$ cat coords05.txt   # compact mmCIF, C-alpha atoms and all ligand atoms
# COMPACT_ATOMS: atom_id res chain seq x y z
CA MET A 1 -22.99 -8.82 5.56
CA THR A 2 -19.72 -7.30 6.56
CA LEU A 3 -16.78 -5.73 4.76
CA PHE A 4 -15.12 -9.17 5.03
CA ASP A 5 -17.77 -11.54 3.78
CA LEU A 6 -17.43 -14.19 1.06
CA ARG A 7 -17.00 -11.54 -1.67
CA ASN A 8 -13.65 -10.53 -0.16
CA LEU A 9 -11.61 -13.34 1.48
CA PRO A 10 -8.23 -11.57 1.66
CA TYR A 11 -5.14 -13.68 2.33
CA GLY A 12 -2.89 -13.29 5.36
CA VAL A 13 -0.41 -15.10 7.59
CA PHE A 14 -1.32 -15.71 11.23
CA SER A 15 -0.11 -17.63 14.23
CA GLY A 16 -1.96 -18.91 17.27
CA THR A 17 -0.68 -20.07 20.63
CA ASP A 18 1.83 -22.50 19.05
CA GLY A 19 3.53 -19.61 17.26
CA VAL A 20 3.55 -21.43 13.90
CA ARG A 21 2.87 -19.17 10.92
CA ARG A 22 -0.03 -20.33 8.77
CA ILE A 23 -1.81 -19.03 5.70
CA GLY A 24 -5.43 -18.07 6.14
CA VAL A 25 -8.19 -15.92 4.74
CA ARG A 26 -10.21 -13.44 6.69
CA LEU A 27 -13.95 -14.05 6.96
CA GLY A 28 -15.76 -11.61 9.21
CA ASP A 29 -13.81 -11.29 12.45
CA ALA A 30 -12.15 -14.68 12.09
CA VAL A 31 -9.43 -16.29 10.05
CA LEU A 32 -10.01 -19.55 8.16
CA ASP A 33 -6.99 -21.84 8.39
CA LEU A 34 -6.02 -22.80 4.82
CA SER A 35 -2.90 -24.58 6.01
CA ARG A 36 -4.97 -27.10 7.91
CA ALA A 37 -7.43 -27.30 5.01
CA GLU A 38 -4.60 -28.29 2.66
CA SER A 39 -3.18 -30.76 5.20
CA ALA A 40 -6.62 -32.37 5.36
CA GLU A 41 -6.55 -32.50 1.53
CA LEU A 42 -9.66 -30.36 1.30
CA ILE A 43 -7.78 -27.95 -0.99
CA LEU A 44 -4.96 -29.11 -3.24
CA ALA A 45 -2.40 -26.43 -4.04
CA GLY A 46 0.82 -28.46 -4.19
CA GLY A 47 1.73 -27.45 -0.65
CA ALA A 48 1.49 -23.72 -1.43
CA LEU A 49 -0.93 -23.21 1.46
CA ARG A 50 1.30 -25.01 3.96
CA GLN A 51 3.95 -22.26 3.91
CA PRO A 52 4.86 -19.52 6.38
CA SER A 53 4.25 -16.84 3.72
CA LEU A 54 2.14 -16.29 0.61
CA ASN A 55 5.10 -16.33 -1.79
CA VAL A 56 4.75 -19.89 -3.09
CA LEU A 57 1.02 -19.43 -3.66
CA MET A 58 1.69 -16.07 -5.34
CA SER A 59 4.27 -17.64 -7.68
CA LEU A 60 1.70 -20.07 -9.16
CA GLY A 61 -0.06 -17.56 -11.42
CA ARG A 62 -3.57 -16.48 -12.23
CA PRO A 63 -5.23 -19.83 -13.18
CA GLN A 64 -4.11 -21.37 -9.85
CA TRP A 65 -5.11 -18.26 -7.87
CA THR A 66 -8.58 -18.48 -9.41
CA ALA A 67 -8.88 -22.21 -8.69
CA VAL A 68 -7.76 -21.88 -5.05
CA ARG A 69 -10.10 -18.96 -4.45
CA ALA A 70 -13.05 -20.80 -5.97
CA ARG A 71 -12.37 -23.77 -3.70
CA VAL A 72 -12.03 -21.52 -0.63
CA VAL A 73 -15.38 -19.87 -1.40
CA GLU A 74 -16.94 -23.30 -1.70
CA LEU A 75 -15.43 -24.63 1.54
CA ALA A 76 -15.57 -21.46 3.63
CA PRO A 77 -18.71 -22.26 5.64
CA THR A 78 -17.18 -25.59 6.73
CA LEU A 79 -13.60 -24.52 7.52
CA PRO A 80 -12.48 -24.02 11.14
CA ALA A 81 -12.57 -20.32 12.02
CA VAL A 82 -10.15 -18.85 14.57
CA PRO A 83 -11.27 -15.51 16.09
CA LEU A 84 -8.96 -12.64 15.09
CA THR A 85 -8.61 -11.80 18.79
CA GLU A 86 -6.76 -15.11 19.28
CA VAL A 87 -4.15 -14.72 16.53
CA GLU A 88 -1.13 -12.63 15.71
CA LEU A 89 -0.92 -11.35 12.14
CA HIS A 90 2.44 -11.33 10.34
CA LEU A 91 3.93 -9.79 7.23
CA PRO A 92 1.92 -11.81 4.70
CA PHE A 93 4.65 -12.16 2.05
CA GLU A 94 8.42 -11.94 1.90
CA VAL A 95 9.08 -8.63 0.23
CA ALA A 96 11.48 -9.10 -2.69
CA ASP A 97 12.03 -5.62 -4.16
CA TYR A 98 10.09 -2.51 -3.23
CA ALA A 99 9.47 0.51 -5.42
CA ASP A 100 7.39 3.58 -4.70
CA PHE A 101 5.73 5.82 -7.30
CA TYR A 102 4.61 9.44 -7.23
CA SER A 103 1.41 9.22 -9.26
CA SER A 104 -1.03 11.65 -7.62
CA GLU A 105 -1.04 14.92 -9.51
CA HIS A 106 -2.39 16.72 -6.44
CA HIS A 107 0.31 15.31 -4.15
CA ALA A 108 3.12 16.04 -6.62
CA THR A 109 1.88 19.58 -7.11
CA ASN A 110 1.42 20.24 -3.38
CA VAL A 111 4.82 18.83 -2.41
CA SER A 112 6.48 20.88 -5.09
CA ARG A 113 4.80 24.07 -3.85
CA ILE A 114 5.91 23.31 -0.27
CA LEU A 115 9.46 22.05 -0.89
CA ARG A 116 10.31 24.12 -3.98
CA PRO A 117 8.40 27.41 -3.67
CA ASP A 118 10.89 29.07 -6.04
CA ARG A 119 9.83 26.76 -8.90
CA PRO A 120 6.50 25.23 -7.94
CA GLY A 121 4.54 22.82 -10.13
CA LEU A 122 5.05 19.48 -11.78
CA GLN A 123 8.49 18.58 -13.14
CA PRO A 124 8.60 18.46 -16.97
CA ASN A 125 8.79 14.64 -17.03
CA TRP A 126 5.78 14.06 -14.76
CA ARG A 127 3.04 13.68 -17.42
CA HIS A 128 5.31 11.50 -19.59
CA LEU A 129 6.16 8.69 -17.19
CA PRO A 130 5.22 7.42 -13.72
CA VAL A 131 8.04 8.90 -11.62
CA GLY A 132 9.28 6.57 -8.88
CA TYR A 133 12.24 5.39 -6.82
CA HIS A 134 13.50 2.07 -5.51
CA GLY A 135 12.93 1.66 -1.78
CA ARG A 136 14.20 -0.59 0.98
CA ALA A 137 12.44 -3.99 0.97
CA GLY A 138 14.02 -5.10 4.27
CA THR A 139 12.29 -2.37 6.28
CA VAL A 140 8.76 -3.13 5.11
CA VAL A 141 6.86 -4.12 8.28
CA VAL A 142 3.38 -5.34 9.05
CA SER A 143 0.70 -3.11 10.53
CA GLY A 144 1.07 -2.73 14.29
CA THR A 145 4.87 -2.71 14.28
CA PRO A 146 6.09 0.26 16.40
CA ILE A 147 7.82 2.97 14.35
CA GLY A 148 11.01 4.32 15.92
CA ARG A 149 11.56 8.01 15.29
CA PRO A 150 14.52 8.17 12.90
CA ALA A 151 17.53 10.40 13.46
CA GLY A 152 19.63 11.96 10.74
CA GLN A 153 21.00 15.15 9.26
CA LEU A 154 18.17 17.64 9.34
CA GLY A 155 20.27 20.37 7.75
CA PRO A 156 23.90 21.57 7.72
CA GLY A 157 25.41 20.83 11.18
CA ASP A 158 22.03 19.75 12.55
CA PHE A 159 21.91 16.06 13.51
CA GLY A 160 19.14 14.59 15.66
CA PRO A 161 15.74 12.92 15.79
CA THR A 162 13.48 14.10 12.98
CA ARG A 163 11.22 17.01 13.91
CA ARG A 164 8.97 16.52 10.88
CA LEU A 165 7.84 12.90 10.97
CA ASP A 166 5.06 12.28 8.49
CA VAL A 167 2.93 9.57 6.84
CA GLU A 168 2.08 8.80 3.24
CA ALA A 169 -1.20 6.98 2.59
CA GLU A 170 -0.66 4.71 -0.38
CA VAL A 171 -1.96 1.59 -2.09
CA GLY A 172 0.49 -1.26 -2.70
CA PHE A 173 0.45 -3.87 -5.46
CA VAL A 174 1.96 -7.29 -4.77
CA VAL A 175 3.57 -9.13 -7.68
CA GLY A 176 2.92 -12.86 -7.90
CA LEU A 177 4.06 -14.07 -11.30
CA PRO A 178 7.55 -12.88 -12.33
CA GLY A 179 8.03 -11.08 -15.63
CA SER A 180 9.76 -8.31 -17.50
CA ARG A 181 8.59 -5.81 -20.14
CA ILE A 182 5.07 -6.46 -18.83
CA ARG A 183 2.34 -5.00 -21.02
CA THR A 184 -0.40 -2.97 -19.38
CA THR A 185 -2.89 -5.59 -20.61
CA ASP A 186 -1.04 -8.29 -18.61
CA PHE A 187 -1.35 -6.53 -15.25
CA ALA A 188 -3.78 -9.12 -13.82
CA GLU A 189 -1.56 -12.03 -14.90
CA HIS A 190 1.24 -10.75 -12.68
CA VAL A 191 -0.34 -8.86 -9.78
CA PHE A 192 -1.74 -11.08 -7.03
CA GLY A 193 -3.41 -8.47 -4.88
CA VAL A 194 -3.51 -5.20 -3.05
CA VAL A 195 -2.39 -3.96 0.38
CA LEU A 196 -2.52 -0.58 2.10
CA VAL A 197 0.82 1.13 2.63
CA ASN A 198 2.10 3.82 4.96
CA ASP A 199 5.37 5.22 3.62
CA TRP A 200 6.57 6.90 6.82
CA SER A 201 8.68 9.93 5.87
CA ALA A 202 11.03 12.23 7.80
CA ARG A 203 10.53 15.48 5.91
CA ASP A 204 13.56 17.33 7.28
CA ILE A 205 15.94 14.44 6.50
CA GLN A 206 14.30 14.09 3.09
CA ALA A 207 14.48 17.80 2.23
CA PHE A 208 18.22 17.98 3.01
CA GLU A 209 19.29 14.73 1.32
CA TYR A 210 17.13 14.31 -1.78
CA LEU A 211 19.00 16.35 -4.38
CA PRO A 212 19.92 15.09 -6.93
CA LEU A 213 19.20 11.36 -6.37
CA GLY A 214 15.84 11.35 -4.58
CA PRO A 215 14.53 9.80 -1.35
CA PHE A 216 17.03 7.82 0.75
CA LEU A 217 17.26 7.75 4.58
CA GLY A 218 14.21 9.99 4.99
CA LYS A 219 12.02 7.09 3.86
CA SER A 220 14.04 3.89 4.34
CA PHE A 221 13.55 3.45 8.11
CA ALA A 222 10.08 1.86 7.89
CA THR A 223 7.22 1.25 5.48
CA SER A 224 4.12 -0.36 6.97
CA VAL A 225 1.69 -2.60 5.09
CA SER A 226 -1.74 -3.97 6.00
CA PRO A 227 -1.85 -7.65 6.99
CA TRP A 228 -4.48 -8.71 4.42
CA VAL A 229 -3.69 -9.03 0.72
CA VAL A 230 -6.96 -8.46 -1.11
CA PRO A 231 -7.00 -10.56 -4.30
CA LEU A 232 -7.71 -8.70 -7.54
CA GLU A 233 -10.81 -10.85 -8.08
CA ALA A 234 -12.40 -9.33 -4.98
CA LEU A 235 -11.85 -5.88 -6.48
CA ALA A 236 -13.61 -6.64 -9.78
CA GLY A 237 -16.30 -4.07 -8.97
CA ALA A 238 -13.78 -1.36 -8.11
CA PHE A 239 -11.99 -1.02 -11.44
CA VAL A 240 -12.93 2.16 -13.31
CA PRO A 241 -11.86 3.36 -16.76
CA ALA A 242 -8.78 5.57 -16.68
CA ALA A 243 -9.37 9.16 -17.78
CA ALA A 244 -7.82 10.40 -21.04
CA ARG A 245 -4.36 11.91 -20.52
CA HIS A 246 -2.63 14.81 -22.26
CA PRO A 247 -0.07 14.45 -23.66
CA ALA A 248 -0.92 10.92 -24.77
CA PRO A 249 1.37 8.47 -22.90
CA ALA A 250 4.17 6.56 -24.68
CA GLY A 251 3.18 3.35 -26.48
CA TYR A 252 4.24 0.99 -23.68
CA LEU A 253 1.94 2.87 -21.28
CA THR A 254 -1.12 2.22 -23.46
CA PRO A 255 -3.82 1.06 -23.22
CA PRO A 256 -3.74 2.61 -19.75
CA GLY A 257 -5.49 -0.17 -17.89
CA ASP A 258 -8.09 0.68 -15.28
CA GLY A 259 -8.05 2.95 -12.28
CA LEU A 260 -9.26 1.63 -8.96
CA ASN A 261 -12.06 3.23 -6.97
CA LEU A 262 -10.78 2.89 -3.41
CA SER A 263 -11.81 5.26 -0.63
CA LEU A 264 -9.08 5.74 1.97
CA THR A 265 -9.44 7.16 5.48
CA VAL A 266 -6.55 8.48 7.56
CA GLU A 267 -7.02 8.60 11.34
CA TRP A 268 -4.63 10.44 13.66
CA ASN A 269 -4.98 9.14 17.23
CA GLY A 270 -8.47 7.99 16.30
CA THR A 271 -9.58 11.27 14.73
CA PRO A 272 -10.43 10.96 11.02
CA VAL A 273 -8.39 13.75 9.41
CA SER A 274 -8.49 12.95 5.73
CA SER A 275 -10.23 10.91 2.99
CA PRO A 276 -7.86 10.35 0.06
CA PRO A 277 -9.61 9.21 -3.17
CA PHE A 278 -7.58 6.59 -5.08
CA ALA A 279 -9.74 6.79 -8.24
CA GLN A 280 -8.17 10.17 -9.05
CA MET A 281 -4.61 8.88 -9.45
CA TYR A 282 -3.04 10.00 -12.74
CA TRP A 283 -1.09 6.82 -13.56
CA THR A 284 -2.77 3.42 -13.19
CA PRO A 285 -1.19 0.39 -11.46
CA ALA A 286 -0.93 -1.30 -14.89
CA GLN A 287 1.07 1.65 -16.25
CA GLN A 288 3.30 1.61 -13.16
CA LEU A 289 4.09 -2.09 -13.65
CA ALA A 290 4.75 -1.59 -17.38
CA HIS A 291 7.09 1.29 -16.56
CA LEU A 292 8.86 -0.63 -13.79
CA THR A 293 9.81 -3.38 -16.27
CA VAL A 294 10.10 -1.57 -19.63
CA ASN A 295 13.92 -1.46 -19.48
CA GLY A 296 14.09 -5.25 -19.22
CA ALA A 297 14.39 -5.37 -15.41
CA GLY A 298 12.38 -8.30 -14.10
CA VAL A 299 9.94 -8.28 -11.24
CA ARG A 300 9.96 -11.27 -8.88
CA THR A 301 7.40 -12.99 -6.72
CA GLY A 302 7.01 -10.80 -3.64
CA ASP A 303 7.87 -7.52 -5.31
CA LEU A 304 5.86 -4.68 -3.88
CA TYR A 305 5.20 -1.43 -5.67
CA ALA A 306 3.31 1.40 -4.05
CA SER A 307 1.15 3.94 -5.84
CA GLY A 308 2.64 7.05 -4.34
CA THR A 309 0.85 9.23 -1.84
CA VAL A 310 -2.86 9.37 -2.56
CA SER A 311 -4.02 12.98 -2.39
CA GLY A 312 -7.19 14.49 -3.85
CA PRO A 313 -7.70 18.16 -4.70
CA ALA A 314 -9.21 19.18 -1.33
CA ARG A 315 -7.22 19.75 1.86
CA GLY A 316 -9.31 17.07 3.60
CA GLU A 317 -8.17 14.61 0.92
CA ALA A 318 -4.44 14.93 1.58
CA GLY A 319 -2.51 11.68 1.92
CA SER A 320 0.31 13.26 3.92
CA PHE A 321 0.43 15.58 6.93
CA LEU A 322 2.96 17.73 5.04
CA GLU A 323 0.04 18.69 2.81
CA LEU A 324 -2.75 18.45 5.41
CA THR A 325 -1.04 20.96 7.74
CA TRP A 326 0.83 22.74 4.93
CA ASN A 327 4.26 21.92 6.34
CA GLY A 328 3.04 22.34 9.92
CA SER A 329 1.88 25.94 9.39
CA GLU A 330 -1.85 25.08 9.66
CA PRO A 331 -2.12 22.47 12.45
CA VAL A 332 -5.10 20.13 12.61
CA LYS A 333 -7.21 19.73 15.73
CA LEU A 334 -7.71 16.22 17.06
CA ASP A 335 -10.78 15.02 18.99
CA ASP A 336 -8.94 15.24 22.33
CA GLY A 337 -8.53 19.00 21.77
CA SER A 338 -4.81 18.85 20.99
CA THR A 339 -3.34 20.10 17.74
CA ARG A 340 -0.71 18.63 15.43
CA GLY A 341 1.58 19.70 12.63
CA PHE A 342 3.76 16.60 12.40
CA LEU A 343 3.81 13.36 14.42
CA LEU A 344 4.64 13.34 18.15
CA ASP A 345 6.03 10.30 19.99
CA GLY A 346 3.11 8.09 21.04
CA ASP A 347 0.92 9.15 18.10
CA THR A 348 -0.90 6.43 16.19
CA VAL A 349 -1.87 6.67 12.54
CA THR A 350 -4.30 4.24 10.93
CA ILE A 351 -5.03 4.15 7.22
CA SER A 352 -8.06 2.08 6.16
CA ALA A 353 -9.92 1.69 2.90
CA THR A 354 -13.04 0.32 1.30
CA ALA A 355 -13.90 -0.54 -2.29
CA PRO A 356 -17.16 -1.23 -4.07
CA GLY A 357 -17.64 -5.00 -4.11
CA PRO A 358 -18.73 -6.97 -7.18
CA ASP A 359 -22.36 -6.16 -6.27
CA GLY A 360 -21.63 -2.48 -5.54
CA ARG A 361 -21.79 -2.87 -1.76
CA PRO A 362 -18.52 -1.96 -0.04
CA LEU A 363 -15.88 -4.43 1.01
CA GLY A 364 -12.85 -3.76 3.19
CA LEU A 365 -9.14 -3.60 2.53
CA GLY A 366 -8.48 -3.59 6.26
CA ALA A 367 -6.08 -1.12 7.79
CA VAL A 368 -2.43 -0.32 8.27
CA SER A 369 -1.58 1.16 11.64
CA GLY A 370 1.57 2.28 13.43
CA THR A 371 2.52 4.05 16.64
CA VAL A 372 5.55 6.34 16.85
CA CYS A 373 8.05 5.60 19.58
CA ARG A 374 11.33 7.21 20.68
O1 LIG A 401 8.63 15.96 -4.59
C1 LIG A 401 9.49 15.47 -3.82
O2 LIG A 401 10.58 16.00 -3.71
C2 LIG A 401 9.22 14.26 -3.03
C3 LIG A 401 8.05 13.79 -2.76
C4 LIG A 401 7.78 12.60 -1.94
O3 LIG A 401 8.08 12.50 -0.75
C5 LIG A 401 6.97 11.61 -2.59
C6 LIG A 401 7.19 10.15 -2.48
O4 LIG A 401 7.65 9.38 -1.61
C7 LIG A 401 6.39 9.52 -3.53
C8 LIG A 401 4.95 9.52 -3.18
O5 LIG A 401 4.61 8.86 -2.21
O6 LIG A 401 4.11 10.09 -3.90
CA CA A 402 5.80 7.57 -0.89
MG MG A 403 9.07 4.16 3.49
$ encode --input "coords05.txt" --output "structure tokens"
Amino acid sequence: MTLFDLRNLPYGVFSGTDGVRRIGVRLGDAVLDLSRAESAELILAGGALRQPSLNVLMSLGRPQWTAVRARVVELAPTLPAVPLTEVELHLPFEVADYADFYSSEHHATNVSRILRPDRPGLQPNWRHLPVGYHGRAGTVVVSGTPIGRPAGQLGPGDFGPTRRLDVEAEVGFVVGLPGSRIRTTDFAEHVFGVVLVNDWSARDIQAFEYLPLGPFLGKSFATSVSPWVVPLEALAGAFVPAAARHPAPAGYLTPPGDGLNLSLTVEWNGTPVSSPPFAQMYWTPAQQLAHLTVNGAGVRTGDLYASGTVSGPARGEAGSFLELTWNGSEPVKLDDGSTRGFLLDGDTVTISATAPGPDGRPLGLGAVSGTVCR
């Protein structure tokens, strides 16, 4: 059994030698072609599987997602399997809107200590609502896309390529069914599945620009996502009860919904440097979705919201290099003997994750990877 056996079956979009984008699911080290399966009338999904992205399938809603998945499980052993080595993987869904939260207490506390040493600690609103910002949907890219080093104002009179290029290891939630004022109890009706996210961040650009409106050019140049969208059903064994919170959250943020027990790994040029624990996030994905829509703003099919940087209490659990190297002051040593504070051109970062499967044995969320170029 592998991390990608029948318990998992994440959805993606691939192309082979003809260059045509097709929907498939990953099984082991191969992709099963659902587009061909629907053309052969083995699965009936109203044409949703014969699309170049997952959006139509995602718009159908939970009962259809369950029916399609059940049929895929049933057919999987008989479907044609294309080796992953023979396909190119694409952005699996068209990103509608993108929002990014800030829901790790350890990350928020660390960043505050580093960026605001005069008044360190959580902002007064932090335990009352899931703080977030709206990001740039058009610059969300699939894993493997090269990441150009952004330039910008690094300080007064100082323009140039960022000298503090960083990563943020996050978990992303992909909205299928549109809605507004979504209750925490309706999370699974609206969210189709989960991806891994790297919210690349230029810390010097960010530190100079962010007051008073928050992140802008320091984070809008690229956000990478993993190619496989893991359906919520596959993660049934990973949901864990959310811990009690003080003060008690506002009514629309209760019941809190579940946390998710995902174990992330961050590798820097192949050296594992950190293991961020997602189960320790303060705000749950259900609370984030309720907050995102509580003002009446709708979410659409293809909306992506990211958890915020996943950092645990230990240094080796940091989801950003800002924290891991404490703003570059405590460099980490890589396996090739070199040391790093922030990213150098040519560096590759890979974020991967596993979750307990329905039977307790781990299954994979795949990986999101990117290499920095000039
Ligand atoms: O505290 C700040 O000023 C900013 C922090 C971030 O960069 C966080 C951000 O993008 C949200 C997150 O990923 O947790
Ligand atoms: Ca972020
Ligand atoms: Mg970003």
$ residues_near_ligand --input "coords05.txt" --ligand "ligand MG 403 (chain A)" --cutoff "6 Å" --atoms "only C-alpha atoms and all ligand atoms" --output "list of chain:residue names"
A:Asp199, A:Trp200, A:Lys219, A:Ser220, A:Ala222, A:Thr223
$ residues_around --input "coords05.txt" --residues "Asn261 in chain A" --least-positions-apart "3" --cutoff "7 Å" --atoms "only C-alpha atoms" --output "PDB file with C-alpha atoms, in the coordinates of the input"
ATOM      1  CA  ALA A 238     -13.780  -1.360  -8.110  1.00  0.00           C
ATOM      2  CA  PHE A 239     -11.990  -1.020 -11.440  1.00  0.00           C
ATOM      3  CA  VAL A 240     -12.930   2.160 -13.310  1.00  0.00           C
ATOM      4  CA  PHE A 278      -7.580   6.590  -5.080  1.00  0.00           C
ATOM      5  CA  ALA A 279      -9.740   6.790  -8.240  1.00  0.00           C
ATOM      6  CA  ALA A 355     -13.900  -0.540  -2.290  1.00  0.00           C
TER       7      ALA A 355
END
$ closest_residue --input "coords05.txt" --among "A:Pro77, A:Gly135, A:Pro156, A:Gly12" --to "ligand CA 402 (chain A)" --atoms "all atoms listed in the file"
A:Gly135
$ residues_near_ligand --input "coords05.txt" --ligand "ligand LIG 401 (chain A)" --cutoff "7 Å" --atoms "only C-alpha atoms and all ligand atoms" --output "ChimeraX atom specification"
/A:100-104,107-108,111-112,115,132,168,170,199,215,308-309
$ closest_residue --input "coords05.txt" --among "A:Leu91, A:Val266, A:Leu165, A:Val174" --to "Phe221 in chain A" --atoms "only C-alpha atoms"
A:Leu165
$ residues_around --input "coords05.txt" --residues "Pro83 in chain A" --least-positions-apart "5" --cutoff "12 Å" --atoms "all atoms listed in the file" --output "list in words"
Phe14, Ser15, Gly16, Gly24, Val25, Arg26, Leu27, Gly28, Asp29, Ala30, Val31, Leu32, Asp33, Glu88 and Leu89 of chain A
$ residues_near_point --input "coords05.txt" --point "(-4.9, 0.3, 7.1)" --cutoff "7 Å" --atoms "all atoms listed in the file" --output "list in words"
Leu196, Ser226, Thr350, Ile351, Ser352, Ala353, Gly366, Ala367, Val368 and Ser369 of chain A
$ closest_residue --input "coords05.txt" --among "A:Arg71, A:Arg149, A:Arg315, A:Arg300" --to "Arg374 in chain A" --atoms "only C-alpha atoms"
A:Arg149
$ atom_distance --input "coords05.txt" --atom1 "CA of Glu209 in chain A" --atom2 "CA of Trp283 in chain A"
26.4 Å
$ closest_residue --input "coords05.txt" --among "A:Leu365, A:Leu264, A:Val197, A:Leu253" --to "Pro10 in chain A" --atoms "all atoms listed in the file"
A:Leu365
$ closest_residue --input "coords05.txt" --among "A:Glu86, A:Glu94, A:Glu233, A:Asp158" --to "Val68 in chain A" --atoms "only C-alpha atoms"
A:Glu233
$ closest_residue --input "coords05.txt" --among "A:Pro241, A:Ala137, A:Phe4, A:Thr78" --to "Tyr282 in chain A" --atoms "all atoms listed in the file"
A:Pro241
$ residues_around --input "coords05.txt" --residues "His246 in chain A" --least-positions-apart "2" --cutoff "10 Å" --atoms "all atoms listed in the file" --output "compact mmCIF listing (two decimals) with C-alpha atoms, keeping the file's coordinate frame"
# COMPACT_ATOMS: atom_id res chain seq x y z
CA ARG A 127 3.04 13.68 -17.42
CA HIS A 128 5.31 11.50 -19.59
CA ALA A 243 -9.37 9.16 -17.78
CA ALA A 244 -7.82 10.40 -21.04
CA ALA A 248 -0.92 10.92 -24.77
CA PRO A 249 1.37 8.47 -22.90
$ atom_distance --input "coords05.txt" --atom1 "CA of His291 in chain A" --atom2 "CA of Val195 in chain A"
20.1 Å
$ residues_around --input "coords05.txt" --residues "Ala286 in chain A" --least-positions-apart "3" --cutoff "7 Å" --atoms "all atoms listed in the file" --output "CSV table (one decimal) with C-alpha atoms, in the frame of the given file"
chain,number,residue,atom,x,y,z
A,184,THR,CA,-0.4,-3.0,-19.4
A,187,PHE,CA,-1.4,-6.5,-15.2
A,256,PRO,CA,-3.7,2.6,-19.8
A,257,GLY,CA,-5.5,-0.2,-17.9
A,289,LEU,CA,4.1,-2.1,-13.6
A,290,ALA,CA,4.8,-1.6,-17.4
$ residues_around --input "coords05.txt" --residues "Val73 in chain A" --least-positions-apart "2" --cutoff "10 Å" --atoms "all atoms listed in the file" --output "PDB file with C-alpha atoms, in the coordinates of the input"
ATOM      1  CA  LEU A   6     -17.430 -14.190   1.060  1.00  0.00           C
ATOM      2  CA  ARG A   7     -17.000 -11.540  -1.670  1.00  0.00           C
ATOM      3  CA  ASN A   8     -13.650 -10.530  -0.160  1.00  0.00           C
ATOM      4  CA  LEU A   9     -11.610 -13.340   1.480  1.00  0.00           C
ATOM      5  CA  VAL A  68      -7.760 -21.880  -5.050  1.00  0.00           C
ATOM      6  CA  ARG A  69     -10.100 -18.960  -4.450  1.00  0.00           C
ATOM      7  CA  ALA A  70     -13.050 -20.800  -5.970  1.00  0.00           C
ATOM      8  CA  ARG A  71     -12.370 -23.770  -3.700  1.00  0.00           C
ATOM      9  CA  LEU A  75     -15.430 -24.630   1.540  1.00  0.00           C
ATOM     10  CA  ALA A  76     -15.570 -21.460   3.630  1.00  0.00           C
ATOM     11  CA  PRO A  77     -18.710 -22.260   5.640  1.00  0.00           C
TER      12      PRO A  77
END
$ atom_distance --input "coords05.txt" --atom1 "CA of Glu317 in chain A" --atom2 "CA of Lys333 in chain A"
15.7 Å
$ build_atoms --input "coords05.txt" --residues "range 36-47 of chain A" --atoms "N, CA and C atoms" --output "mmCIF file, in the frame of the given file"
data_model
loop_
_atom_site.group_PDB
_atom_site.id
_atom_site.type_symbol
_atom_site.label_atom_id
_atom_site.label_comp_id
_atom_site.auth_asym_id
_atom_site.auth_seq_id
_atom_site.Cartn_x
_atom_site.Cartn_y
_atom_site.Cartn_z
ATOM 1 N N ARG A 36 -4.322 -25.866 7.451
ATOM 2 C CA ARG A 36 -4.970 -27.100 7.910
ATOM 3 C C ARG A 36 -5.873 -27.684 6.826
ATOM 4 N N ALA A 37 -6.539 -26.817 6.077
ATOM 5 C CA ALA A 37 -7.430 -27.300 5.010
ATOM 6 C C ALA A 37 -6.625 -28.055 3.958
ATOM 7 N N GLU A 38 -5.404 -27.563 3.649
ATOM 8 C CA GLU A 38 -4.600 -28.290 2.660
ATOM 9 C C GLU A 38 -4.049 -29.581 3.267
ATOM 10 N N SER A 39 -3.662 -29.536 4.542
ATOM 11 C CA SER A 39 -3.180 -30.760 5.200
ATOM 12 C C SER A 39 -4.265 -31.842 5.210
ATOM 13 N N ALA A 40 -5.510 -31.416 5.358
ATOM 14 C CA ALA A 40 -6.620 -32.370 5.360
ATOM 15 C C ALA A 40 -7.060 -32.723 3.936
ATOM 16 N N GLU A 41 -6.294 -32.223 2.955
ATOM 17 C CA GLU A 41 -6.550 -32.500 1.530
ATOM 18 C C GLU A 41 -7.923 -32.005 1.060
ATOM 19 N N LEU A 42 -8.412 -30.978 1.755
ATOM 20 C CA LEU A 42 -9.660 -30.360 1.300
ATOM 21 C C LEU A 42 -9.398 -29.424 0.126
ATOM 22 N N ILE A 43 -8.217 -28.799 0.125
ATOM 23 C CA ILE A 43 -7.780 -27.950 -0.990
ATOM 24 C C ILE A 43 -6.430 -28.497 -1.437
ATOM 25 N N LEU A 44 -6.237 -28.632 -2.738
ATOM 26 C CA LEU A 44 -4.960 -29.110 -3.240
ATOM 27 C C LEU A 44 -4.260 -27.962 -3.966
ATOM 28 N N ALA A 45 -3.145 -27.533 -3.417
ATOM 29 C CA ALA A 45 -2.400 -26.430 -4.040
ATOM 30 C C ALA A 45 -0.908 -26.767 -4.039
ATOM 31 N N GLY A 46 -0.586 -28.050 -4.098
ATOM 32 C CA GLY A 46 0.820 -28.460 -4.190
ATOM 33 C C GLY A 46 1.654 -28.048 -2.991
ATOM 34 N N GLY A 47 1.009 -27.861 -1.850
ATOM 35 C CA GLY A 47 1.730 -27.450 -0.650
ATOM 36 C C GLY A 47 1.851 -25.947 -0.494
#
